[in-house]
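Structure below is coords-v4.txt: compact mmCIF, C-alpha atoms.
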# COMPACT_ATOMS: atom_id res chain seq x y z
CA MET D 59 79.88 103.76 96.44
CA SER D 60 82.52 103.79 93.71
CA GLN D 61 84.31 106.91 95.03
CA ALA D 62 84.74 105.41 98.50
CA VAL D 63 85.88 102.10 97.03
CA ASP D 64 88.26 103.97 94.68
CA ARG D 65 89.90 105.87 97.56
CA LEU D 66 90.28 102.83 99.81
CA LEU D 67 91.30 100.32 97.16
CA SER D 68 93.75 102.62 95.35
CA ALA D 69 95.48 103.51 98.61
CA ARG D 70 95.57 99.89 99.81
CA ILE D 71 97.03 98.51 96.58
CA ARG D 72 99.68 101.24 96.39
CA GLN D 73 100.67 100.91 100.06
CA ASN D 74 100.95 97.15 99.85
CA ALA D 75 102.88 97.26 96.56
CA PHE D 76 105.68 99.21 98.22
CA LYS D 77 105.93 97.03 101.33
CA ALA D 78 109.29 95.30 101.47
CA ARG D 79 108.97 93.18 104.59
CA PRO D 80 107.43 89.72 104.34
CA ALA D 81 104.14 90.41 106.05
CA THR D 82 100.52 89.70 105.35
CA ARG D 83 99.09 92.38 103.10
CA ALA D 84 95.73 93.81 104.05
CA GLY D 85 93.14 93.06 101.38
CA VAL D 86 89.79 94.53 100.48
CA MET D 87 86.39 92.87 100.13
CA VAL D 88 83.88 94.74 98.00
CA SER D 89 80.29 93.74 98.59
CA GLY D 90 77.08 95.01 97.12
CA GLY D 91 73.93 93.94 95.37
CA GLY D 92 73.80 92.65 91.85
CA TYR D 93 74.41 95.10 88.99
CA GLN D 94 76.06 97.72 91.25
CA ALA D 95 79.27 97.98 89.17
CA LYS D 96 81.55 96.21 91.66
CA THR D 97 83.50 94.46 88.91
CA GLU D 98 83.76 97.58 86.75
CA THR D 99 84.91 99.74 89.66
CA VAL D 100 87.53 97.27 90.86
CA SER D 101 88.78 96.65 87.31
CA GLU D 102 89.18 100.38 86.60
CA ILE D 103 91.12 100.88 89.84
CA ALA D 104 93.38 97.92 89.05
CA ALA D 105 93.97 99.19 85.51
CA ALA D 106 94.92 102.64 86.82
CA PHE D 107 97.31 101.02 89.30
CA GLU D 108 98.85 98.88 86.57
CA ASP D 109 99.41 101.93 84.36
CA SER D 110 101.08 103.89 87.15
CA TRP D 111 103.17 100.88 88.23
CA ARG D 112 104.44 100.40 84.67
CA GLU D 113 105.37 104.10 84.53
CA LEU D 114 107.41 103.69 87.73
CA HIS D 115 108.95 100.43 86.51
CA PRO D 116 109.40 100.73 82.74
CA THR D 117 110.10 97.80 80.46
CA PRO D 118 113.67 96.56 80.87
CA PRO D 119 116.00 97.57 78.02
CA GLU D 120 116.67 93.94 77.11
CA ALA D 121 112.98 93.39 76.28
CA VAL D 122 112.28 92.59 72.64
CA PRO D 123 109.56 94.70 70.99
CA GLY D 124 106.56 92.64 69.93
CA CYS D 125 107.15 89.90 72.52
CA ARG D 126 104.76 89.10 75.31
CA ASP D 127 105.30 91.13 78.49
CA LEU D 128 105.31 88.66 81.37
CA ARG D 129 104.80 91.33 84.00
CA ALA D 130 101.28 91.48 85.38
CA PRO D 131 101.02 94.03 88.22
CA ALA D 132 97.28 93.32 88.52
CA ALA D 133 95.59 89.98 87.87
CA TYR D 134 91.82 89.74 87.45
CA VAL D 135 90.21 86.32 87.79
CA GLN D 136 86.54 85.43 87.53
CA THR D 137 85.84 82.75 90.10
CA PRO D 138 84.79 79.57 88.23
CA ALA D 139 81.11 78.59 88.29
CA THR D 140 81.82 75.38 90.22
CA ALA D 141 84.60 76.85 92.30
CA LYS D 142 86.49 74.68 94.70
CA PRO D 143 89.92 75.60 96.06
CA LYS D 144 91.77 73.56 93.41
CA GLY D 145 89.70 74.96 90.55
CA THR D 146 90.14 78.52 91.77
CA SER D 147 93.91 78.03 92.05
CA LYS D 148 94.03 76.58 88.54
CA THR D 149 92.03 79.50 87.17
CA ILE D 150 94.49 81.98 88.68
CA LEU D 151 97.41 79.98 87.30
CA ASP D 152 95.75 79.95 83.87
CA PHE D 153 95.86 83.77 83.94
CA HIS D 154 99.66 83.47 84.02
CA SER D 155 99.77 80.47 81.61
CA ALA D 156 101.38 78.35 84.33
CA PRO D 157 101.23 74.52 84.30
CA THR D 158 98.63 72.87 86.54
CA GLN D 159 98.55 69.25 85.42
CA ARG D 160 98.33 66.57 88.13
CA MET D 161 98.91 68.89 91.09
CA ASP D 162 97.28 68.60 94.48
CA LEU D 163 96.20 71.68 96.47
CA PRO D 164 99.50 72.30 98.32
CA GLU D 165 101.43 72.03 95.04
CA LEU D 166 98.98 74.41 93.35
CA ILE D 167 99.36 76.95 96.16
CA HIS D 168 103.16 76.70 95.90
CA GLN D 169 102.97 77.13 92.11
CA LEU D 170 100.59 80.06 92.60
CA THR D 171 102.97 81.79 95.03
CA THR D 172 105.87 81.31 92.62
CA SER D 173 103.88 82.48 89.61
CA LEU D 174 102.59 85.62 91.32
CA ALA D 175 106.13 86.54 92.39
CA ASP D 176 107.64 85.75 88.98
CA HIS D 177 105.12 87.93 87.16
CA GLY D 178 105.41 90.80 89.65
CA THR D 179 101.73 90.64 90.54
CA LYS D 180 100.87 93.18 93.24
CA ALA D 181 97.06 92.93 93.20
CA LEU D 182 94.97 89.76 92.80
CA ILE D 183 91.30 90.41 92.07
CA LEU D 184 88.88 87.54 92.64
CA ASP D 185 85.49 88.41 91.24
CA ASP D 186 82.36 86.80 92.69
CA ILE D 187 83.86 84.73 95.50
CA THR D 188 80.35 83.63 96.47
CA ARG D 189 80.96 80.75 94.06
CA LEU D 190 83.57 79.18 96.35
CA ARG D 191 82.14 75.96 97.74
CA MET D 192 81.87 75.75 101.50
CA HIS D 193 80.44 72.30 102.03
CA ARG D 194 82.00 70.11 104.72
CA ALA D 195 85.30 68.81 103.30
CA ASP D 196 85.93 71.99 101.34
CA ASN D 197 85.41 74.31 104.33
CA GLN D 198 88.93 74.08 105.69
CA ASP D 199 90.52 73.95 102.23
CA THR D 200 88.72 77.15 101.22
CA LEU D 201 89.70 78.98 104.39
CA ASP D 202 93.28 77.74 103.96
CA LEU D 203 93.27 79.05 100.40
CA ILE D 204 92.05 82.48 101.50
CA HIS D 205 94.67 82.59 104.25
CA ALA D 206 97.32 81.56 101.72
CA PHE D 207 96.24 84.40 99.40
CA MET D 208 96.59 86.82 102.29
CA SER D 209 100.25 85.86 102.77
CA MET D 210 101.35 85.82 99.11
CA HIS D 211 102.68 89.39 99.08
CA VAL D 212 99.81 90.59 96.92
CA THR D 213 96.78 92.69 97.76
CA LEU D 214 93.78 90.37 97.63
CA VAL D 215 90.67 92.10 96.33
CA ALA D 216 87.51 90.00 96.51
CA SER D 217 84.09 91.07 95.31
CA PHE D 218 80.86 89.37 96.25
CA THR D 219 77.14 89.78 96.63
CA PRO D 220 76.12 89.19 100.26
CA THR D 221 74.09 86.00 100.63
CA ASP D 222 73.39 83.77 103.62
CA SER D 223 75.96 81.21 102.47
CA VAL D 224 78.83 83.66 101.95
CA CYS D 225 78.02 85.59 105.12
CA SER D 226 78.46 82.37 107.09
CA TRP D 227 82.11 81.83 106.04
CA VAL D 228 83.53 85.24 105.12
CA PRO D 229 83.67 86.35 108.81
CA ALA D 230 85.75 83.27 109.68
CA ALA D 231 88.22 84.14 106.94
CA LEU D 232 88.40 87.76 108.13
CA GLY D 233 88.80 87.01 111.82
CA ASP D 234 85.07 87.54 112.50
CA ARG D 235 84.95 91.09 111.03
CA ARG D 236 81.75 91.00 109.06
CA PRO D 237 81.57 92.93 105.80
CA SER D 238 78.70 95.32 105.30
CA GLY D 239 75.61 93.50 104.15
CA CYS D 240 76.25 90.49 106.40
CA SER D 241 74.05 90.56 109.48
CA LEU D 242 75.10 89.19 112.86
CA GLU D 243 72.19 86.74 112.92
Could you express the structure from this file as structure tokens?
Amino acid sequence: MSQAVDRLLSARIRQNAFKARPATRAGVMVSGGGYQAKTETVSEIAAAFEDSWRELHPTPPEAVPGCRDLRAPAAYVQTPATAKPKGTSKTILDFHSAPTQRMDLPELIHQLTTSLADHGTKALILDDITRLRMHRADNQDTLDLIHAFMSMHVTLVASFTPTDSVCSWVPAALGDRRPSGCSLE
């Protein structure tokens, strides 16, 4: 599994990173059973991409040694245990140390778009998206959030374990293309 994921994900991240036109970047959803090394595989691929991206785009000469590098070509975020769209957005913003106080969902999404661009993030990895809540009022907000991620000029990489609840909403977010492990029933 990891070799196929490595080939697809590495190529997708690299292709999307070099796109210049403002278009939706194709993402990747990695599904599999528990303890199948989805997180480890995706993290290793993202780390390899980050290393190669930093080689292509070295630190600017005005950078001060010993200071924090604000560039983050790949961002890994563990979906919060009680994930709702606002909480997930705040968790991603926390990765970049961005402010999140007293913001509603549209403001968070705007801040997220700005933060990802400012930090040069090319790949956003959301681990265990099965935690996103899909109950009534949150349904549309969650789908809106996923659609917003898809248009933020980053490659969205989402990992999940197929369950009945996630298989009911992931196809809607993907335009009814069901990931492997999700039956048509």
>> With distances taken over all atoms listed in the file, which residue among D:Thr146, D:Arg83, D:Asp109, D:Ala130 lies nearest His205 of chain D?
In response: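 Among D:Thr146, D:Arg83, D:Asp109, D:Ala130, it is D:Arg83 that comes nearest to His205 of chain D.
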> With only C-alpha atoms as the basis for distance, which of D:Val88, D:Ala175, D:Met210, D:Ile204 is at the shortest distance from Leu128 of chain D?
Replying inline: D:Ala175
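Pairwise distance (atom CA of Gln169 of chain D, atom CA of Lys148 of chain D) equals 9.6 Å.
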> To one decimal place, how far is atom CA of Ala105 of chain D from atom CA of Ala206 of chain D in Å?
Replying inline: 24.2 Å
> Looking at only C-alpha atoms, which of D:Asp202, D:Glu113, D:Asp162, D:Glu108 is the one that sits closest to Ala133 of chain D?
Replying inline: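 Using only C-alpha atoms, the shortest distance to Ala133 of chain D belongs to D:Glu108.
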Kindly reconstruct segment 83-106 of chain D with N, CA, C and O atoms and present the result as a tab-separated table (two decimals), in the frame of the given file.
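Saved file part.tsv follows:
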chain	number	residue	atom	x	y	z
D	83	ARG	N	99.62	91.14	103.66
D	83	ARG	CA	99.09	92.38	103.10
D	83	ARG	C	97.60	92.46	103.38
D	83	ARG	O	96.89	91.48	103.20
D	84	ALA	N	97.16	93.62	103.81
D	84	ALA	CA	95.73	93.81	104.05
D	84	ALA	C	95.01	93.83	102.71
D	84	ALA	O	95.45	94.48	101.77
D	85	GLY	N	93.92	93.11	102.61
D	85	GLY	CA	93.14	93.06	101.38
D	85	GLY	C	91.87	93.88	101.51
D	85	GLY	O	91.66	94.57	102.50
D	86	VAL	N	91.05	93.79	100.50
D	86	VAL	CA	89.79	94.53	100.48
D	86	VAL	C	88.71	93.60	99.95
D	86	VAL	O	88.92	92.89	98.98
D	87	MET	N	87.56	93.61	100.62
D	87	MET	CA	86.39	92.87	100.13
D	87	MET	C	85.34	93.89	99.74
D	87	MET	O	84.96	94.73	100.55
D	88	VAL	N	84.88	93.81	98.52
D	88	VAL	CA	83.88	94.74	98.00
D	88	VAL	C	82.58	93.97	97.89
D	88	VAL	O	82.49	92.99	97.16
D	89	SER	N	81.59	94.42	98.64
D	89	SER	CA	80.29	93.74	98.59
D	89	SER	C	79.22	94.73	98.14
D	89	SER	O	79.35	95.94	98.31
D	90	GLY	N	78.19	94.19	97.57
D	90	GLY	CA	77.08	95.01	97.12
D	90	GLY	C	76.10	94.15	96.35
D	90	GLY	O	76.43	93.01	95.98
D	91	GLY	N	74.95	94.68	96.11
D	91	GLY	CA	73.93	93.94	95.37
D	91	GLY	C	74.32	93.72	93.93
D	91	GLY	O	75.31	94.27	93.44
D	92	GLY	N	73.54	92.92	93.25
D	92	GLY	CA	73.80	92.65	91.85
D	92	GLY	C	73.67	93.91	91.01
D	92	GLY	O	72.89	94.82	91.34
D	93	TYR	N	74.45	93.99	89.94
D	93	TYR	CA	74.41	95.10	88.99
D	93	TYR	C	74.72	96.45	89.65
D	93	TYR	O	74.11	97.45	89.33
D	94	GLN	N	75.67	96.47	90.58
D	94	GLN	CA	76.06	97.72	91.25
D	94	GLN	C	77.46	98.16	90.83
D	94	GLN	O	78.08	98.97	91.49
D	95	ALA	N	77.99	97.59	89.78
D	95	ALA	CA	79.27	97.98	89.17
D	95	ALA	C	80.47	97.67	90.06
D	95	ALA	O	81.47	98.38	90.01
D	96	LYS	N	80.39	96.60	90.84
D	96	LYS	CA	81.55	96.21	91.66
D	96	LYS	C	82.71	95.81	90.77
D	96	LYS	O	83.83	96.27	90.96
D	97	THR	N	82.45	94.95	89.80
D	97	THR	CA	83.50	94.46	88.91
D	97	THR	C	84.10	95.61	88.11
D	97	THR	O	85.33	95.72	88.00
D	98	GLU	N	83.27	96.45	87.55
D	98	GLU	CA	83.76	97.58	86.75
D	98	GLU	C	84.61	98.52	87.58
D	98	GLU	O	85.70	98.94	87.16
D	99	THR	N	84.16	98.83	88.78
D	99	THR	CA	84.91	99.74	89.66
D	99	THR	C	86.26	99.16	90.02
D	99	THR	O	87.29	99.83	89.90
D	100	VAL	N	86.28	97.91	90.46
D	100	VAL	CA	87.53	97.27	90.86
D	100	VAL	C	88.47	97.14	89.67
D	100	VAL	O	89.68	97.38	89.79
D	101	SER	N	87.95	96.80	88.51
D	101	SER	CA	88.78	96.65	87.31
D	101	SER	C	89.40	97.98	86.89
D	101	SER	O	90.57	98.03	86.50
D	102	GLU	N	88.64	99.06	86.95
D	102	GLU	CA	89.18	100.38	86.60
D	102	GLU	C	90.28	100.81	87.56
D	102	GLU	O	91.30	101.36	87.14
D	103	ILE	N	90.10	100.53	88.84
D	103	ILE	CA	91.12	100.88	89.84
D	103	ILE	C	92.38	100.06	89.59
D	103	ILE	O	93.50	100.59	89.64
D	104	ALA	N	92.22	98.78	89.32
D	104	ALA	CA	93.38	97.92	89.05
D	104	ALA	C	94.09	98.35	87.78
D	104	ALA	O	95.34	98.34	87.73
D	105	ALA	N	93.35	98.74	86.76
D	105	ALA	CA	93.97	99.19	85.51
D	105	ALA	C	94.76	100.48	85.73
D	105	ALA	O	95.87	100.64	85.20
D	106	ALA	N	94.21	101.40	86.51
D	106	ALA	CA	94.92	102.64	86.82
D	106	ALA	C	96.20	102.34	87.60
D	106	ALA	O	97.25	102.94	87.35
